[in-house]
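Data block for work-v5.cif (mmCIF, C-alpha atoms and all ligand atoms):
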data_input
#
loop_
_atom_site.label_atom_id
_atom_site.label_comp_id
_atom_site.auth_asym_id
_atom_site.auth_seq_id
_atom_site.Cartn_x
_atom_site.Cartn_y
_atom_site.Cartn_z
CA MET S 1254 97.26 114.02 85.22
CA LYS S 1255 99.53 114.45 82.18
CA ALA S 1256 99.47 111.87 79.36
CA ILE S 1257 100.47 111.45 75.72
CA VAL S 1258 97.26 111.32 73.70
CA CYS S 1259 96.72 109.83 70.25
CA ASN S 1260 93.22 110.41 68.85
CA SER S 1261 93.81 109.30 65.25
CA TYR S 1262 96.32 107.28 63.24
CA GLY S 1263 98.99 109.41 61.58
CA PRO S 1264 102.46 110.91 61.99
CA THR S 1265 104.02 111.06 65.45
CA SER S 1266 103.83 114.89 65.24
CA GLN S 1267 100.06 114.68 65.90
CA LEU S 1268 100.67 113.27 69.39
CA GLN S 1269 99.90 115.70 72.17
CA ILE S 1270 100.76 115.93 75.83
CA LYS S 1271 97.49 116.74 77.59
CA GLU S 1272 95.80 116.98 80.97
CA VAL S 1273 93.41 114.02 81.17
CA GLU S 1274 91.15 112.62 83.86
CA MET S 1275 92.82 110.51 86.52
CA PRO S 1276 91.81 106.81 86.12
CA SER S 1277 90.18 104.99 89.01
CA PRO S 1278 90.78 101.27 89.51
CA LYS S 1279 88.01 98.70 88.89
CA PRO S 1280 87.64 95.91 91.53
CA ASN S 1281 90.51 93.76 90.10
CA GLU S 1282 92.75 96.71 89.15
CA VAL S 1283 95.55 98.63 90.82
CA LEU S 1284 96.30 102.32 90.34
CA ILE S 1285 100.00 102.76 89.58
CA LYS S 1286 102.06 105.94 89.66
CA VAL S 1287 104.26 105.40 86.61
CA HIS S 1288 107.96 106.21 87.06
CA PHE S 1289 109.38 105.00 83.73
CA SER S 1290 108.06 103.54 80.48
CA ALA S 1291 109.80 102.32 77.30
CA ILE S 1292 109.13 102.48 73.56
CA ASN S 1293 108.12 99.36 71.66
CA ASP S 1294 107.05 98.28 68.20
CA TYR S 1295 103.39 98.34 69.35
CA ASP S 1296 103.64 102.08 70.11
CA TRP S 1297 104.83 102.86 66.60
CA SER S 1298 101.93 100.79 65.16
CA MET S 1299 99.34 102.19 67.55
CA VAL S 1300 100.24 105.76 66.60
CA THR S 1301 100.78 105.35 62.85
CA GLY S 1302 98.26 102.54 62.19
CA ILE S 1303 100.99 100.69 60.26
CA PRO S 1304 101.04 97.81 59.49
CA GLY S 1305 97.28 97.94 58.81
CA LEU S 1306 96.69 94.44 60.22
CA TYR S 1307 97.44 95.79 63.71
CA ARG S 1308 94.29 97.95 63.44
CA LEU S 1309 92.34 94.77 64.21
CA LEU S 1310 94.01 94.92 67.60
CA PHE S 1311 94.20 98.68 68.22
CA GLY S 1312 90.98 99.90 66.52
CA LEU S 1313 89.85 99.86 62.90
CA PHE S 1314 89.55 103.60 62.19
CA LYS S 1315 91.24 105.18 65.22
CA PRO S 1316 92.99 103.91 68.36
CA LYS S 1317 90.44 102.42 70.79
CA ARG S 1318 92.67 103.47 73.68
CA PRO S 1319 93.99 107.01 73.22
CA ILE S 1320 97.08 106.67 75.45
CA PRO S 1321 99.86 104.43 74.03
CA GLY S 1322 102.60 102.66 76.00
CA MET S 1323 102.85 99.05 77.18
CA GLU S 1324 105.78 98.82 79.58
CA LEU S 1325 106.13 100.44 82.97
CA SER S 1326 107.83 100.57 86.30
CA GLY S 1327 106.16 102.39 89.18
CA VAL S 1328 104.46 102.24 92.57
CA VAL S 1329 100.96 101.02 93.45
CA THR S 1330 99.02 103.89 95.04
CA SER S 1331 95.62 102.23 95.56
CA CYS S 1332 93.81 98.96 94.86
CA GLY S 1333 90.34 97.83 93.79
CA GLU S 1334 88.41 95.85 96.42
CA ALA S 1335 89.03 92.44 94.74
CA VAL S 1336 92.83 92.83 94.49
CA THR S 1337 94.71 90.15 96.42
CA LEU S 1338 98.26 90.06 94.99
CA LEU S 1339 99.37 93.67 95.51
CA LYS S 1340 98.96 96.50 98.02
CA ALA S 1341 99.54 100.26 98.08
CA GLY S 1342 103.27 101.01 98.22
CA ASP S 1343 104.38 97.94 96.22
CA GLU S 1344 107.02 98.67 93.59
CA VAL S 1345 106.00 96.95 90.36
CA TYR S 1346 106.91 96.66 86.70
CA GLY S 1347 105.99 94.71 83.60
CA ASP S 1348 104.75 94.37 80.06
CA ILE S 1349 101.03 95.16 80.44
CA SER S 1350 100.03 94.45 76.81
CA TYR S 1351 97.87 91.39 77.72
CA TYR S 1352 95.64 93.68 79.74
CA GLY S 1353 95.84 97.07 78.04
CA PHE S 1354 97.95 100.07 77.09
CA GLY S 1355 98.45 103.56 78.44
CA THR S 1356 101.81 103.78 80.20
CA PHE S 1357 102.79 107.16 78.69
CA ALA S 1358 100.88 108.81 81.53
CA GLU S 1359 101.47 109.79 85.14
CA TYR S 1360 99.03 107.12 86.38
CA ILE S 1361 97.44 103.97 84.98
CA ALA S 1362 94.72 101.69 86.35
CA ILE S 1363 95.37 98.12 85.21
CA ASN S 1364 94.59 94.51 86.17
CA GLU S 1365 96.80 93.46 89.10
CA LYS S 1366 98.06 90.50 87.04
CA ALA S 1367 99.55 92.83 84.40
CA VAL S 1368 102.59 93.58 86.57
CA VAL S 1369 104.99 91.81 88.93
CA LYS S 1370 106.69 93.04 92.10
CA LYS S 1371 109.97 94.80 91.33
CA PRO S 1372 112.87 93.46 93.37
CA GLU S 1373 114.74 96.13 95.34
CA PHE S 1374 118.03 95.50 93.52
CA LEU S 1375 116.45 96.38 90.15
CA SER S 1376 116.30 100.11 89.41
CA PHE S 1377 113.01 101.62 88.15
CA GLU S 1378 114.80 102.78 84.99
CA ASP S 1379 116.22 99.35 84.11
CA ALA S 1380 112.97 97.60 85.06
CA ALA S 1381 111.02 99.58 82.45
CA ALA S 1382 113.49 98.43 79.79
CA LEU S 1383 113.58 94.75 80.71
CA SER S 1384 110.17 93.11 80.69
CA HIS S 1385 109.19 93.02 77.00
CA ALA S 1386 112.54 92.61 75.24
CA GLY S 1387 113.90 90.41 78.06
CA ASN S 1388 111.03 87.94 77.75
CA LEU S 1389 111.13 87.90 73.93
CA ALA S 1390 114.87 87.24 73.98
CA TRP S 1391 114.61 84.59 76.72
CA GLN S 1392 111.71 82.75 75.11
CA GLY S 1393 113.44 82.93 71.71
CA LEU S 1394 116.91 81.81 72.77
CA VAL S 1395 116.14 79.48 75.67
CA ASP S 1396 112.59 78.09 75.32
CA LEU S 1397 112.48 77.66 71.54
CA GLY S 1398 116.14 78.09 70.56
CA LYS S 1399 117.40 75.54 73.14
CA ILE S 1400 120.61 77.52 73.41
CA GLU S 1401 123.65 75.55 74.63
CA ASN S 1402 127.19 76.43 75.66
CA ASN S 1403 129.64 77.55 72.95
CA MET S 1404 127.09 77.76 70.15
CA ASP S 1405 127.55 79.97 67.11
CA VAL S 1406 124.60 82.37 67.40
CA LEU S 1407 123.42 85.08 64.99
CA ILE S 1408 120.97 87.82 66.01
CA ASN S 1409 119.29 89.62 63.14
CA GLY S 1410 118.04 93.15 63.94
CA ALA S 1411 120.54 93.09 66.79
CA GLY S 1412 120.87 96.77 67.70
CA GLY S 1413 117.45 97.11 69.37
CA GLY S 1414 115.87 95.90 72.59
CA VAL S 1415 115.77 92.16 71.88
CA GLY S 1416 119.25 92.13 70.33
CA SER S 1417 120.97 93.92 73.19
CA ILE S 1418 119.47 91.65 75.88
CA GLY S 1419 119.70 88.57 73.62
CA LEU S 1420 123.45 89.11 73.29
CA GLN S 1421 123.87 89.18 77.06
CA ILE S 1422 121.77 86.03 77.55
CA ALA S 1423 123.80 84.24 74.84
CA LYS S 1424 127.04 85.33 76.52
CA THR S 1425 125.97 83.58 79.74
CA TYR S 1426 126.23 80.40 77.59
CA ASN S 1427 129.65 81.49 76.35
CA CYS S 1428 128.38 81.65 72.77
CA HIS S 1429 130.07 83.38 69.84
CA VAL S 1430 127.51 86.02 68.80
CA THR S 1431 127.17 87.75 65.43
CA GLY S 1432 124.88 90.79 65.23
CA VAL S 1433 123.22 92.09 62.06
CA ASP S 1434 122.05 95.71 61.85
CA THR S 1435 123.19 98.96 60.23
CA GLY S 1436 124.47 102.54 60.63
CA GLU S 1437 125.60 104.08 63.89
CA LYS S 1438 124.35 101.04 65.79
CA LEU S 1439 127.16 98.84 64.50
CA LYS S 1440 129.76 100.72 66.54
CA ASN S 1441 127.54 100.54 69.63
CA MET S 1442 127.05 96.81 69.06
CA LEU S 1443 130.80 96.18 69.13
CA GLU S 1444 130.93 98.11 72.42
CA MET S 1445 128.04 95.97 73.74
CA GLY S 1446 130.15 92.85 73.13
CA PHE S 1447 129.06 91.32 69.81
CA ASP S 1448 131.96 89.19 68.52
CA HIS S 1449 131.19 89.98 64.91
CA ILE S 1450 128.89 92.45 63.19
CA ILE S 1451 127.31 92.49 59.74
CA ASP S 1452 125.84 95.58 58.06
CA TYR S 1453 122.66 94.30 56.41
CA LYS S 1454 122.79 97.15 53.87
CA LYS S 1455 126.17 95.87 52.65
CA GLU S 1456 126.03 92.12 53.18
CA ASP S 1457 123.28 89.49 53.07
CA PHE S 1458 124.19 86.92 55.72
CA THR S 1459 121.80 84.39 54.16
CA LYS S 1460 123.93 84.36 51.02
CA SER S 1461 127.19 83.61 52.84
CA ASN S 1462 128.85 80.22 53.39
CA LYS S 1463 129.00 80.84 57.14
CA THR S 1464 126.44 78.77 59.07
CA TYR S 1465 125.03 79.04 62.61
CA ASP S 1466 123.71 76.82 65.42
CA LEU S 1467 121.01 79.30 66.34
CA ILE S 1468 119.50 82.35 64.64
CA LEU S 1469 117.32 84.77 66.65
CA ASP S 1470 115.50 87.19 64.35
CA ALA S 1471 113.82 90.46 65.40
CA LYS S 1472 113.21 91.59 61.82
CA THR S 1473 112.35 88.56 59.59
CA THR S 1474 112.41 89.97 56.07
CA ARG S 1475 113.18 86.84 54.04
CA ALA S 1476 111.48 83.53 53.27
CA PRO S 1477 112.25 80.75 55.82
CA LYS S 1478 114.21 78.82 53.19
CA ALA S 1479 116.89 81.55 53.11
CA TYR S 1480 117.48 81.21 56.88
CA ILE S 1481 117.40 77.40 56.80
CA LYS S 1482 120.27 77.51 54.26
CA VAL S 1483 122.60 79.10 56.80
CA LEU S 1484 121.74 76.75 59.70
CA ASN S 1485 124.10 73.98 60.78
CA PRO S 1486 122.59 70.46 60.44
CA LYS S 1487 121.13 70.65 63.99
CA GLY S 1488 120.65 74.43 63.87
CA ARG S 1489 117.44 76.22 64.90
CA TYR S 1490 115.85 79.44 63.62
CA VAL S 1491 113.59 81.48 65.92
CA THR S 1492 111.86 84.70 64.97
CA VAL S 1493 110.32 87.12 67.45
CA GLY S 1494 108.79 89.36 64.79
CA GLY S 1495 109.13 91.16 61.48
CA ASN S 1496 107.40 91.23 58.13
CA ILE S 1497 103.91 89.74 58.59
CA GLY S 1498 103.93 88.09 55.14
CA ARG S 1499 107.14 86.28 56.09
CA LEU S 1500 106.01 85.36 59.60
CA ILE S 1501 102.98 83.45 58.34
CA GLN S 1502 105.33 81.23 56.31
CA ILE S 1503 107.10 79.92 59.43
CA LEU S 1504 104.68 77.15 60.42
CA PRO S 1505 104.19 75.79 56.84
CA ALA S 1506 107.99 75.91 56.36
CA ARG S 1507 108.55 73.82 59.50
CA LYS S 1508 106.24 71.15 58.08
CA LEU S 1509 107.53 71.40 54.49
CA PHE S 1510 111.29 71.42 55.18
CA LYS S 1511 111.08 69.43 58.45
CA LYS S 1512 113.42 71.92 60.09
CA PRO S 1513 113.23 73.54 63.53
CA VAL S 1514 111.98 76.99 62.59
CA PHE S 1515 109.80 78.72 65.18
CA MET S 1516 108.05 81.95 66.06
CA VAL S 1517 107.82 83.20 69.63
CA GLY S 1518 104.25 83.69 70.85
CA LEU S 1519 105.17 86.02 73.70
CA ASP S 1520 104.10 84.91 77.16
CA ALA S 1521 104.32 88.35 78.79
CA ASN S 1522 106.31 88.57 82.06
CA LYS S 1523 106.65 84.73 82.28
CA ASP S 1524 110.44 84.62 82.64
CA LEU S 1525 111.09 87.69 84.77
CA GLU S 1526 112.31 85.57 87.71
CA LYS S 1527 115.15 84.23 85.50
CA ILE S 1528 115.87 87.73 84.21
CA HIS S 1529 116.05 88.95 87.85
CA ASP S 1530 118.65 86.30 88.65
CA LEU S 1531 120.84 87.29 85.69
CA TYR S 1532 120.47 91.01 86.51
CA LYS S 1533 121.30 90.46 90.19
CA SER S 1534 124.46 88.54 89.32
CA GLY S 1535 125.53 91.34 86.95
CA LYS S 1536 125.23 89.16 83.84
CA ILE S 1537 122.65 91.34 82.13
CA LYS S 1538 121.96 95.06 82.17
CA PRO S 1539 119.58 96.69 79.70
CA VAL S 1540 121.11 99.10 77.21
CA VAL S 1541 119.11 102.28 77.82
CA ASP S 1542 118.70 104.98 75.19
CA GLY S 1543 117.58 107.95 77.30
CA PRO S 1544 115.76 108.33 79.61
CA TYR S 1545 113.84 111.11 77.89
CA PRO S 1546 111.11 113.21 79.57
CA LEU S 1547 107.41 112.45 78.88
CA GLU S 1548 107.05 115.48 76.57
CA LYS S 1549 109.72 114.01 74.26
CA THR S 1550 107.68 110.82 73.71
CA PRO S 1551 106.46 111.83 70.19
CA TRP S 1552 110.08 112.44 69.16
CA ALA S 1553 111.16 109.18 70.83
CA ILE S 1554 108.51 107.11 68.98
CA GLN S 1555 109.67 108.70 65.71
CA HIS S 1556 113.32 107.99 66.61
CA PHE S 1557 112.32 104.35 67.24
CA GLY S 1558 110.35 104.10 63.98
CA GLU S 1559 113.37 105.34 62.05
CA GLY S 1560 115.53 102.69 63.73
CA LYS S 1561 117.90 105.32 65.15
CA HIS S 1562 117.85 103.98 68.70
CA THR S 1563 120.26 101.58 70.36
CA GLY S 1564 118.83 99.15 72.93
CA LYS S 1565 115.65 100.36 74.65
CA ILE S 1566 114.35 103.92 74.57
CA VAL S 1567 113.21 104.73 78.11
CA ILE S 1568 110.77 107.52 79.02
CA SER S 1569 110.92 109.16 82.44
CA ILE S 1570 107.42 110.05 83.63
N1 LIG S 1601 106.39 87.30 69.05
C1 LIG S 1601 105.61 88.09 69.77
O1 LIG S 1601 104.70 87.63 70.46
C2 LIG S 1601 105.86 89.56 69.72
C3 LIG S 1601 105.14 90.45 70.55
C4 LIG S 1601 105.44 91.79 70.46
C5 LIG S 1601 106.44 92.24 69.59
N2 LIG S 1601 107.10 91.36 68.81
C6 LIG S 1601 108.16 91.73 67.85
O2 LIG S 1601 109.41 91.63 68.49
C7 LIG S 1601 110.33 92.48 67.82
C8 LIG S 1601 110.95 93.39 68.86
O3 LIG S 1601 112.25 93.65 68.52
P1 LIG S 1601 113.05 94.90 69.11
O4 LIG S 1601 112.25 95.53 70.20
O5 LIG S 1601 114.41 94.47 69.38
O6 LIG S 1601 112.99 95.88 67.84
P2 LIG S 1601 113.90 97.12 67.54
O7 LIG S 1601 114.38 97.74 68.82
O8 LIG S 1601 113.15 97.95 66.55
O9 LIG S 1601 115.19 96.49 66.82
C9 LIG S 1601 115.19 95.99 65.53
C10 LIG S 1601 116.45 96.41 64.81
O10 LIG S 1601 116.46 95.78 63.51
C11 LIG S 1601 117.04 96.68 62.57
N3 LIG S 1601 116.64 96.30 61.22
C12 LIG S 1601 115.69 96.87 60.40
N4 LIG S 1601 115.62 96.20 59.21
C13 LIG S 1601 116.53 95.21 59.28
C14 LIG S 1601 116.93 94.20 58.37
N5 LIG S 1601 116.39 94.08 57.16
N6 LIG S 1601 117.89 93.35 58.75
C15 LIG S 1601 118.46 93.45 59.98
N7 LIG S 1601 118.14 94.39 60.88
C16 LIG S 1601 117.18 95.26 60.55
C17 LIG S 1601 116.49 98.01 63.02
O11 LIG S 1601 117.31 99.07 62.53
P3 LIG S 1601 116.97 100.06 61.28
O12 LIG S 1601 115.49 100.29 61.33
O13 LIG S 1601 117.82 101.27 61.50
O14 LIG S 1601 117.36 99.35 60.04
C18 LIG S 1601 116.57 97.90 64.56
O15 LIG S 1601 117.83 98.33 65.04
C19 LIG S 1601 109.56 93.27 66.78
O16 LIG S 1601 109.71 92.64 65.51
C20 LIG S 1601 108.11 93.11 67.27
O17 LIG S 1601 107.18 93.22 66.22
C21 LIG S 1601 106.84 90.04 68.90
#
Just dump the structure as structure tokens.
Ligand SMILES: NC(=O)c1ccc[n+]([C@@H]2O[C@H](COP(=O)([O-])OP(=O)(O)OC[C@H]3O[C@@H](n4cnc5c(N)ncnc54)[C@H](OP(=O)(O)O)[C@@H]3O)[C@@H](O)[C@H]2O)c1
Amino acid sequence: MKAIVCNSYGPTSQLQIKEVEMPSPKPNEVLIKVHFSAINDYDWSMVTGIPGLYRLLFGLFKPKRPIPGMELSGVVTSCGEAVTLLKAGDEVYGDISYYGFGTFAEYIAINEKAVVKKPEFLSFEDAAALSHAGNLAWQGLVDLGKIENNMDVLINGAGGGVGSIGLQIAKTYNCHVTGVDTGEKLKNMLEMGFDHIIDYKKEDFTKSNKTYDLILDAKTTRAPKAYIKVLNPKGRYVTVGGNIGRLIQILPARKLFKKPVFMVGLDANKDLEKIHDLYKSGKIKPVVDGPYPLEKTPWAIQHFGEGKHTGKIVISI
């Protein structure tokens, strides 16, 4: 089968599309024919080895698993003998990162619990774009953010996967949503439905007098105190990711300032039922950049790393 192979950390140009051995499922695994995958932050880190801390997860000197990719939609083609939840022919999708990586390939063998059944009304292309960003946005806005109707919400790093789905979730609560990002994406963000946009290269929203009921942050670059300053008295700040040095300040800041500042610890695929309901009723639809063919994956990961994408970059396998 064909796969994108990464044998050492470095530039995306060292990625190769290769013929590799077909995987065979262990007793609790299913073999999935992958239809679509999507690009995520983990792929950039697994290929480049940056930030270095991630090497504890992906391999100290080189990637432990040579095929990157952590989101998929596809069809189960065979099952290990201990599999009970799925059968051959099932259409599935999900964020598989709890169980492994390797979705930039024609087939993957993975624990049956890594994926969920794809409802018929959800296209394979949209499914590949929904699981990771959809769960991060849901768990950030709903579980930790306690979003309510008519709130004033700000999404920082709003032009990417979490921002584009986060906006649509916030709109189901009739919120006024400000998006912070830069460049070409700002125009796209207005088209997506953000009520107000801020170019972070021109304006620092943490230094403005405008305050918010809820901030969802995909890029955390400042100390928690800066975000707390622009929260309304009952406002909440929730980060899904960003600068590691800043992220480790979140818990101490909650204790020190006694303010509701949180970080999402992603529970992969947990909220897909709720996402299905919103998708079925037409309230959310992933913003897809692509789909691009498998051989363009190195370019697509570079495009992602340079922040040139809007929404989710999807790869057609
Ligand atoms: N909490 C968890 O358990 C968990 C698990 C996995 C991943 N994550 C994290 O979740 C996040 C996923 O977000 P995503 O997929 O939406 O990322 P994304 O698609 O890369 O979007 C982030 C956007 O932020 C913009 N940006 C960069 N610097 C910025 C700044 N200083 N201020 C405002 N915007 C800025 C980027 O554009 P430019 O680059 O063009 O500036 C990009 O458009 C990542 O931070 C990832 O590490 C969290």
Using only C-alpha atoms, can you list as a PDB file with C-alpha atoms, in the frame of the given file the residues within 9 Å of (95.2, 105.3, 61.6)?
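File point29.pdb, as written:
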ATOM      1  CA  SER S1261      93.810 109.300  65.250  1.00  0.00           C
ATOM      2  CA  TYR S1262      96.320 107.280  63.240  1.00  0.00           C
ATOM      3  CA  GLY S1263      98.990 109.410  61.580  1.00  0.00           C
ATOM      4  CA  SER S1298     101.930 100.790  65.160  1.00  0.00           C
ATOM      5  CA  MET S1299      99.340 102.190  67.550  1.00  0.00           C
ATOM      6  CA  VAL S1300     100.240 105.760  66.600  1.00  0.00           C
ATOM      7  CA  THR S1301     100.780 105.350  62.850  1.00  0.00           C
ATOM      8  CA  GLY S1302      98.260 102.540  62.190  1.00  0.00           C
ATOM      9  CA  ILE S1303     100.990 100.690  60.260  1.00  0.00           C
ATOM     10  CA  GLY S1305      97.280  97.940  58.810  1.00  0.00           C
ATOM     11  CA  ARG S1308      94.290  97.950  63.440  1.00  0.00           C
ATOM     12  CA  GLY S1312      90.980  99.900  66.520  1.00  0.00           C
ATOM     13  CA  LEU S1313      89.850  99.860  62.900  1.00  0.00           C
ATOM     14  CA  PHE S1314      89.550 103.600  62.190  1.00  0.00           C
ATOM     15  CA  LYS S1315      91.240 105.180  65.220  1.00  0.00           C
ATOM     16  CA  PRO S1316      92.990 103.910  68.360  1.00  0.00           C
TER      17      PRO S1316
END
Hey, can you check how far CA of Phe1374 (chain S) sits from atom O17 of ligand LIG 1601 (chain S)?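 So the answer is 29.5 Å.
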Any residue with an atom at most 8 Å from ligand LIG 1601 (chain S) counts, using all atoms listed in the file. Which are they? Put them as a ChimeraX atom specification. /S:1293-1295,1385-1386,1389,1409-1417,1433-1436,1438,1452-1454,1471-1474,1492-1496,1516-1520,1557-1565
Spatial neighbours of region 1537-1553 of chain S, 7 Å, only C-alpha atoms, chain gap at least 6 places, as a list in words: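 Near neighbours after the sequence-gap exclusion: Thr1265, Ser1266, Leu1268, Ile1270, Asp1379, Ala1382, Leu1383, Ser1417, Ile1418, Gln1421, Leu1531, His1562, Thr1563, Gly1564, Lys1565, Ile1566, Val1567, Ile1568, Ser1569 and Ile1570 of chain S.
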Residue nearest Val1328 (chain S) - candidates S:Pro1513, S:Gly1342, S:Gly1446, S:Pro1304, atoms counted: all atoms listed in the file: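 Smallest separation from Val1328 (chain S) among the options: S:Gly1342.
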Name the residues, using the chain letters and numbers of the file, that sit within 12 Å of (110.4, 95.0, 90.9) when counting all atoms listed in the file, and give them as a VMD selection string. chain S and resid 1325 to 1329 1342 to 1347 1368 to 1381 1383 to 1384 1522 1525 to 1526 1528 to 1529 1532 to 1533
Filtering to C-alpha atoms, could you give me those residues as a short mmCIF file (atom, residue, chain, number, x, y, z; two decimals), in the coordinates of the input?
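Generated file (part29.cif):
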data_model
loop_
_atom_site.label_atom_id
_atom_site.label_comp_id
_atom_site.auth_asym_id
_atom_site.auth_seq_id
_atom_site.Cartn_x
_atom_site.Cartn_y
_atom_site.Cartn_z
CA LEU S 1325 106.13 100.44 82.97
CA SER S 1326 107.83 100.57 86.30
CA GLY S 1327 106.16 102.39 89.18
CA VAL S 1328 104.46 102.24 92.57
CA VAL S 1329 100.96 101.02 93.45
CA GLY S 1342 103.27 101.01 98.22
CA ASP S 1343 104.38 97.94 96.22
CA GLU S 1344 107.02 98.67 93.59
CA VAL S 1345 106.00 96.95 90.36
CA TYR S 1346 106.91 96.66 86.70
CA GLY S 1347 105.99 94.71 83.60
CA VAL S 1368 102.59 93.58 86.57
CA VAL S 1369 104.99 91.81 88.93
CA LYS S 1370 106.69 93.04 92.10
CA LYS S 1371 109.97 94.80 91.33
CA PRO S 1372 112.87 93.46 93.37
CA GLU S 1373 114.74 96.13 95.34
CA PHE S 1374 118.03 95.50 93.52
CA LEU S 1375 116.45 96.38 90.15
CA SER S 1376 116.30 100.11 89.41
CA PHE S 1377 113.01 101.62 88.15
CA GLU S 1378 114.80 102.78 84.99
CA ASP S 1379 116.22 99.35 84.11
CA ALA S 1380 112.97 97.60 85.06
CA ALA S 1381 111.02 99.58 82.45
CA LEU S 1383 113.58 94.75 80.71
CA SER S 1384 110.17 93.11 80.69
CA ASN S 1522 106.31 88.57 82.06
CA LEU S 1525 111.09 87.69 84.77
CA GLU S 1526 112.31 85.57 87.71
CA ILE S 1528 115.87 87.73 84.21
CA HIS S 1529 116.05 88.95 87.85
CA TYR S 1532 120.47 91.01 86.51
CA LYS S 1533 121.30 90.46 90.19
#
Repaired coordinates for region 1407-1423 of chain S (N, CA and C atoms) as a compact mmCIF listing (two decimals), in the coordinates of the input:
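Done, and the output landed in result32.txt:
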# COMPACT_ATOMS: atom_id res chain seq x y z
N LEU S 1407 123.56 83.82 65.75
CA LEU S 1407 123.42 85.08 64.99
C LEU S 1407 122.11 85.75 65.44
N ILE S 1408 122.19 87.06 65.70
CA ILE S 1408 120.97 87.82 66.01
C ILE S 1408 120.76 88.82 64.89
N ASN S 1409 119.61 88.71 64.23
CA ASN S 1409 119.29 89.62 63.14
C ASN S 1409 118.39 90.75 63.67
N GLY S 1410 118.75 92.01 63.34
CA GLY S 1410 118.04 93.15 63.94
C GLY S 1410 118.55 93.32 65.35
N ALA S 1411 119.91 93.29 65.47
CA ALA S 1411 120.54 93.09 66.79
C ALA S 1411 120.75 94.36 67.60
N GLY S 1412 120.55 95.54 66.98
CA GLY S 1412 120.87 96.77 67.70
C GLY S 1412 119.77 97.26 68.62
N GLY S 1413 118.60 96.63 68.58
CA GLY S 1413 117.45 97.11 69.37
C GLY S 1413 117.34 96.42 70.72
N GLY S 1414 116.10 96.43 71.25
CA GLY S 1414 115.87 95.90 72.59
C GLY S 1414 116.16 94.41 72.71
N VAL S 1415 115.60 93.62 71.80
CA VAL S 1415 115.77 92.16 71.88
C VAL S 1415 117.23 91.79 71.63
N GLY S 1416 117.86 92.45 70.66
CA GLY S 1416 119.25 92.13 70.33
C GLY S 1416 120.19 92.40 71.48
N SER S 1417 120.02 93.55 72.15
CA SER S 1417 120.97 93.92 73.19
C SER S 1417 120.85 93.00 74.42
N ILE S 1418 119.63 92.59 74.76
CA ILE S 1418 119.47 91.65 75.88
C ILE S 1418 119.80 90.22 75.42
N GLY S 1419 119.42 89.90 74.17
CA GLY S 1419 119.70 88.57 73.62
C GLY S 1419 121.19 88.28 73.63
N LEU S 1420 121.99 89.28 73.27
CA LEU S 1420 123.45 89.11 73.29
C LEU S 1420 123.91 88.71 74.69
N GLN S 1421 123.40 89.43 75.70
CA GLN S 1421 123.87 89.18 77.06
C GLN S 1421 123.43 87.81 77.56
N ILE S 1422 122.21 87.38 77.16
CA ILE S 1422 121.77 86.03 77.55
C ILE S 1422 122.68 85.00 76.87
N ALA S 1423 122.96 85.20 75.57
CA ALA S 1423 123.80 84.24 74.84
C ALA S 1423 125.21 84.18 75.43
